[in-house]
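Heads up: the structure comes next, in structure tokens.
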Amino acid sequence: MSEIERAITNWFALNARELPWRKSNPWGVLVSEFMLQQTPVVRVTPKWHEWMERWPTPDALAAASPADVITAWGRLGYPRRALRLRDCATLIATEHNNQVPSDVATLLTLPGVGSYTAAAIASFAYEKEALVLDVNIRRLFARLYDGTDLLTSAPSKKEIAERTELLPDKDAHTWAAATMELGALICTARSPQCEECPVVNLCKWRAAGYPAAATKKRVQKWHGTDRQCRGTIIEALRNAPSLGAHEIDQLWSEKEQLNRALESLIKDQLITIWQERYRLPQ
């Protein structure tokens, strides 16, 4: 075990958060990974508990209506994830005997499961060796090993090859969880707590004087966007069986943007038109 690996895993043993999916089953891990995509832990935790109580198995979620699933998703954002999770549950129930697959290759065949999610499920649910690279781990590794801030939007082949070499011979799942935790809590994108970092004296980024990334990441705005308009429509339909055109018109002042949002929601199968009224898919 390297000095860096030992320091980070020892830190994790003392500082790991009590996240409910860490003591769950593979289905609970899968649900958490869908929810955690672009949504912080503090918002996911109560919603995860609700979902696991309501739909404790894949076949239970598969039997739910799309409307129930979208409504239960609440304000986690990006509600297409809810429908993809339901599609994923359906395939697990019908093709995999209601058991979440354990190998990355099979996980990648599931709806809504990409390379990161497949690796995370294999690692955290089944303790398999898999290269888990979320944004927190990538940022930590870029600073610690390369002396730079994270630049690319997705891992390059070079980055994947280099990070694969870092996988420990034993307990790769612990290494994945520990580095993710360190990146999420200490080596944060803004205001990293370097004085609390267990490997601060081994960090190339610190040694180089904390050089900034060549290009700053653009902060995604929310107010007035198509995404906000879509969210407003979905939220209204969560609280009403259906809405007519006049009621929909009251939700948003920019009519062209409203129509664009309605068209995209219909295309994404997040809403439907029934008897000239809008509603969540049944």
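By convention here, the chains of the structure tokens are called A, B, ... in the order presented, each chain's residues are numbered starting at 1, and ligands are numbered starting at 1 in the order presented.
Using only C-alpha atoms, the contacts of region 98-109 of chain A at a cut-off of 8 Å, with sequence neighbours closer than 2 positions omitted, comprise Pro26, Trp27, Leu30, Thr57, Pro58, Asp59, Ile92, Ala93, Thr94, Glu95, His96, Pro111, Val113, Gly114, Ser115, Ala118, Ala119, Ile121, Ala122, Ala125, Tyr126 and Ala130 of chain A.
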Run DSSP on the backbone and give me the residues of region 64-281 of chain A it puts in helix (DSSP H, G or I), as a PyMOL selection string. chain A and resi 66-73+80-95+104-107+115-126+135-146+157-164+172-185+194-196+200-202+204-207+226-238+245-249+255-267
Suppose we keep C-alpha atoms; can you now write the selection as a JSON list (two decimals), in the first residue's frame?
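Just written: part-v9.json:
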[["chain", "number", "residue", "atom", "x", "y", "z"],
["A", 66, "PRO", "CA", -44.75, 7.18, -14.90],
["A", 67, "ALA", "CA", -46.90, 9.87, -13.25],
["A", 68, "ASP", "CA", -46.29, 8.40, -9.79],
["A", 69, "VAL", "CA", -42.56, 8.19, -10.47],
["A", 70, "ILE", "CA", -42.27, 11.78, -11.72],
["A", 71, "THR", "CA", -44.34, 13.05, -8.81],
["A", 72, "ALA", "CA", -42.25, 11.13, -6.28],
["A", 73, "TRP", "CA", -39.05, 12.49, -7.82],
["A", 80, "ARG", "CA", -35.93, 12.32, -17.02],
["A", 81, "ARG", "CA", -33.72, 10.45, -14.57],
["A", 82, "ALA", "CA", -36.87, 9.24, -12.82],
["A", 83, "LEU", "CA", -38.24, 7.69, -16.00],
["A", 84, "ARG", "CA", -34.85, 6.17, -16.86],
["A", 85, "LEU", "CA", -34.68, 4.68, -13.38],
["A", 86, "ARG", "CA", -38.12, 3.16, -13.88],
["A", 87, "ASP", "CA", -37.02, 1.77, -17.26],
["A", 88, "CYS", "CA", -33.92, 0.38, -15.59],
["A", 89, "ALA", "CA", -36.01, -1.26, -12.87],
["A", 90, "THR", "CA", -38.29, -2.82, -15.49],
["A", 91, "LEU", "CA", -35.37, -4.42, -17.32],
["A", 92, "ILE", "CA", -33.85, -5.69, -14.07],
["A", 93, "ALA", "CA", -37.19, -7.19, -13.05],
["A", 94, "THR", "CA", -37.90, -8.85, -16.40],
["A", 95, "GLU", "CA", -34.44, -9.81, -17.65],
["A", 104, "VAL", "CA", -19.82, -3.59, -15.41],
["A", 105, "ALA", "CA", -20.51, -4.97, -18.90],
["A", 106, "THR", "CA", -24.05, -6.07, -17.99],
["A", 107, "LEU", "CA", -24.74, -2.92, -16.00],
["A", 115, "SER", "CA", -19.60, 4.12, -17.52],
["A", 116, "TYR", "CA", -19.37, 5.96, -14.20],
["A", 117, "THR", "CA", -22.65, 4.60, -12.83],
["A", 118, "ALA", "CA", -21.81, 1.03, -13.87],
["A", 119, "ALA", "CA", -18.42, 1.21, -12.18],
["A", 120, "ALA", "CA", -19.89, 2.78, -9.04],
["A", 121, "ILE", "CA", -22.56, 0.09, -8.67],
["A", 122, "ALA", "CA", -20.07, -2.73, -9.25],
["A", 123, "SER", "CA", -17.70, -1.19, -6.73],
["A", 124, "PHE", "CA", -20.03, 0.02, -3.97],
["A", 125, "ALA", "CA", -22.70, -2.69, -4.19],
["A", 126, "TYR", "CA", -20.52, -5.72, -4.94],
["A", 135, "VAL", "CA", -15.99, 14.72, -10.61],
["A", 136, "ASN", "CA", -14.78, 14.66, -7.00],
["A", 137, "ILE", "CA", -12.27, 11.87, -7.60],
["A", 138, "ARG", "CA", -11.11, 13.41, -10.87],
["A", 139, "ARG", "CA", -10.51, 16.79, -9.24],
["A", 140, "LEU", "CA", -8.62, 15.20, -6.34],
["A", 141, "PHE", "CA", -6.41, 13.13, -8.64],
["A", 142, "ALA", "CA", -5.72, 16.03, -11.01],
["A", 143, "ARG", "CA", -4.49, 18.16, -8.11],
["A", 144, "LEU", "CA", -2.73, 15.45, -6.14],
["A", 145, "TYR", "CA", -0.93, 13.62, -8.95],
["A", 146, "ASP", "CA", -0.80, 16.14, -11.82],
["A", 157, "LYS", "CA", -8.32, 7.93, -22.70],
["A", 158, "LYS", "CA", -5.05, 9.14, -21.20],
["A", 159, "GLU", "CA", -6.70, 10.04, -17.92],
["A", 160, "ILE", "CA", -8.52, 6.71, -17.74],
["A", 161, "ALA", "CA", -5.29, 4.81, -18.40],
["A", 162, "GLU", "CA", -3.37, 6.77, -15.78],
["A", 163, "ARG", "CA", -6.08, 6.42, -13.14],
["A", 164, "THR", "CA", -6.44, 2.71, -13.80],
["A", 172, "ALA", "CA", -10.39, -1.08, -4.64],
["A", 173, "HIS", "CA", -13.96, -0.33, -3.54],
["A", 174, "THR", "CA", -12.68, 1.26, -0.33],
["A", 175, "TRP", "CA", -10.19, 3.34, -2.32],
["A", 176, "ALA", "CA", -13.01, 4.54, -4.58],
["A", 177, "ALA", "CA", -15.24, 5.50, -1.66],
["A", 178, "ALA", "CA", -12.38, 7.15, 0.25],
["A", 179, "THR", "CA", -11.14, 9.28, -2.64],
["A", 180, "MET", "CA", -14.69, 10.30, -3.53],
["A", 181, "GLU", "CA", -15.31, 11.35, 0.07],
["A", 182, "LEU", "CA", -12.07, 13.32, 0.27],
["A", 183, "GLY", "CA", -12.90, 15.12, -2.96],
["A", 184, "ALA", "CA", -16.45, 15.87, -1.82],
["A", 185, "LEU", "CA", -15.61, 17.10, 1.69],
["A", 194, "CYS", "CA", -6.10, 21.91, 2.41],
["A", 195, "GLU", "CA", -5.22, 22.22, 6.11],
["A", 196, "GLU", "CA", -7.56, 19.27, 6.77],
["A", 200, "VAL", "CA", -1.50, 17.85, 1.73],
["A", 201, "ASN", "CA", 2.27, 17.36, 2.00],
["A", 202, "LEU", "CA", 2.20, 15.00, -1.00],
["A", 204, "LYS", "CA", 1.62, 18.47, -6.42],
["A", 205, "TRP", "CA", -1.04, 21.18, -6.79],
["A", 206, "ARG", "CA", -0.09, 22.65, -3.43],
["A", 207, "ALA", "CA", 3.61, 22.35, -4.22],
["A", 226, "ASP", "CA", -35.92, 26.74, -20.44],
["A", 227, "ARG", "CA", -35.00, 24.33, -17.66],
["A", 228, "GLN", "CA", -36.72, 26.53, -15.07],
["A", 229, "CYS", "CA", -39.77, 26.79, -17.32],
["A", 230, "ARG", "CA", -39.90, 23.00, -17.71],
["A", 231, "GLY", "CA", -39.58, 22.57, -13.96],
["A", 232, "THR", "CA", -42.41, 25.01, -13.34],
["A", 233, "ILE", "CA", -44.73, 23.03, -15.63],
["A", 234, "ILE", "CA", -43.78, 19.69, -14.04],
["A", 235, "GLU", "CA", -44.29, 21.07, -10.53],
["A", 236, "ALA", "CA", -47.75, 22.37, -11.44],
["A", 237, "LEU", "CA", -48.75, 18.99, -12.88],
["A", 238, "ARG", "CA", -47.50, 17.20, -9.78],
["A", 245, "ALA", "CA", -54.17, 25.45, -22.02],
["A", 246, "HIS", "CA", -55.40, 28.54, -20.17],
["A", 247, "GLU", "CA", -54.07, 27.24, -16.85],
["A", 248, "ILE", "CA", -50.72, 26.38, -18.44],
["A", 249, "ASP", "CA", -50.51, 29.88, -19.92],
["A", 255, "LYS", "CA", -45.23, 32.30, -24.45],
["A", 256, "GLU", "CA", -42.64, 31.26, -27.02],
["A", 257, "GLN", "CA", -40.44, 29.81, -24.30],
["A", 258, "LEU", "CA", -43.46, 28.15, -22.68],
["A", 259, "ASN", "CA", -44.43, 26.46, -25.95],
["A", 260, "ARG", "CA", -40.85, 25.34, -26.48],
["A", 261, "ALA", "CA", -40.79, 23.85, -22.98],
["A", 262, "LEU", "CA", -44.10, 22.06, -23.54],
["A", 263, "GLU", "CA", -42.88, 20.56, -26.80],
["A", 264, "SER", "CA", -39.66, 19.33, -25.22],
["A", 265, "LEU", "CA", -41.51, 17.83, -22.23],
["A", 266, "ILE", "CA", -43.85, 15.95, -24.56],
["A", 267, "LYS", "CA", -40.90, 14.75, -26.62]]
So that I can see what lies close to Ile273 (chain A), please list as number ranges by chain the residues with an atom at most 10 Å from it, counting only C-alpha atoms and leaving out residues fewer than 4 positions away in the same chain. A: 242-244, 266, 277-281
So that I can see what lies close to Gln37 (chain A), please list as a PDB file with C-alpha atoms, in the first residue's frame the residues with an atom at most 10 Å from it, counting only C-alpha atoms and leaving out residues fewer than 6 positions away in the same chain.
ATOM      1  CA  VAL A  44     -30.950  13.148  -2.116  1.00  0.00           C
ATOM      2  CA  LEU A  76     -34.418  16.585  -7.377  1.00  0.00           C
ATOM      3  CA  GLY A  77     -34.133  18.083 -10.858  1.00  0.00           C
ATOM      4  CA  TYR A  78     -33.642  16.517 -14.285  1.00  0.00           C
ATOM      5  CA  ARG A  81     -33.719  10.451 -14.575  1.00  0.00           C
ATOM      6  CA  THR A 117     -22.654   4.600 -12.825  1.00  0.00           C
ATOM      7  CA  ASP A 134     -16.753  10.990 -10.582  1.00  0.00           C
TER       8      ASP A 134
END
Have a look at A:Ser24, A:Pro211, A:Thr152, A:Gln38 and name the one nearest to Pro79 (chain A); count only C-alpha atoms.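 Counting only C-alpha atoms, the residue closest to Pro79 (chain A) is A:Gln38.
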Interatomic distance between CA of Trp252 (chain A) and CA of His223 (chain A)?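 According to the coordinates, CA of Trp252 (chain A) and CA of His223 (chain A) are separated by 12.2 Å.
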Could you please determine the separation between CA of Ala189 (chain A) and CA of Asp149 (chain A) in Å, to one decimal place? 8.8 Å
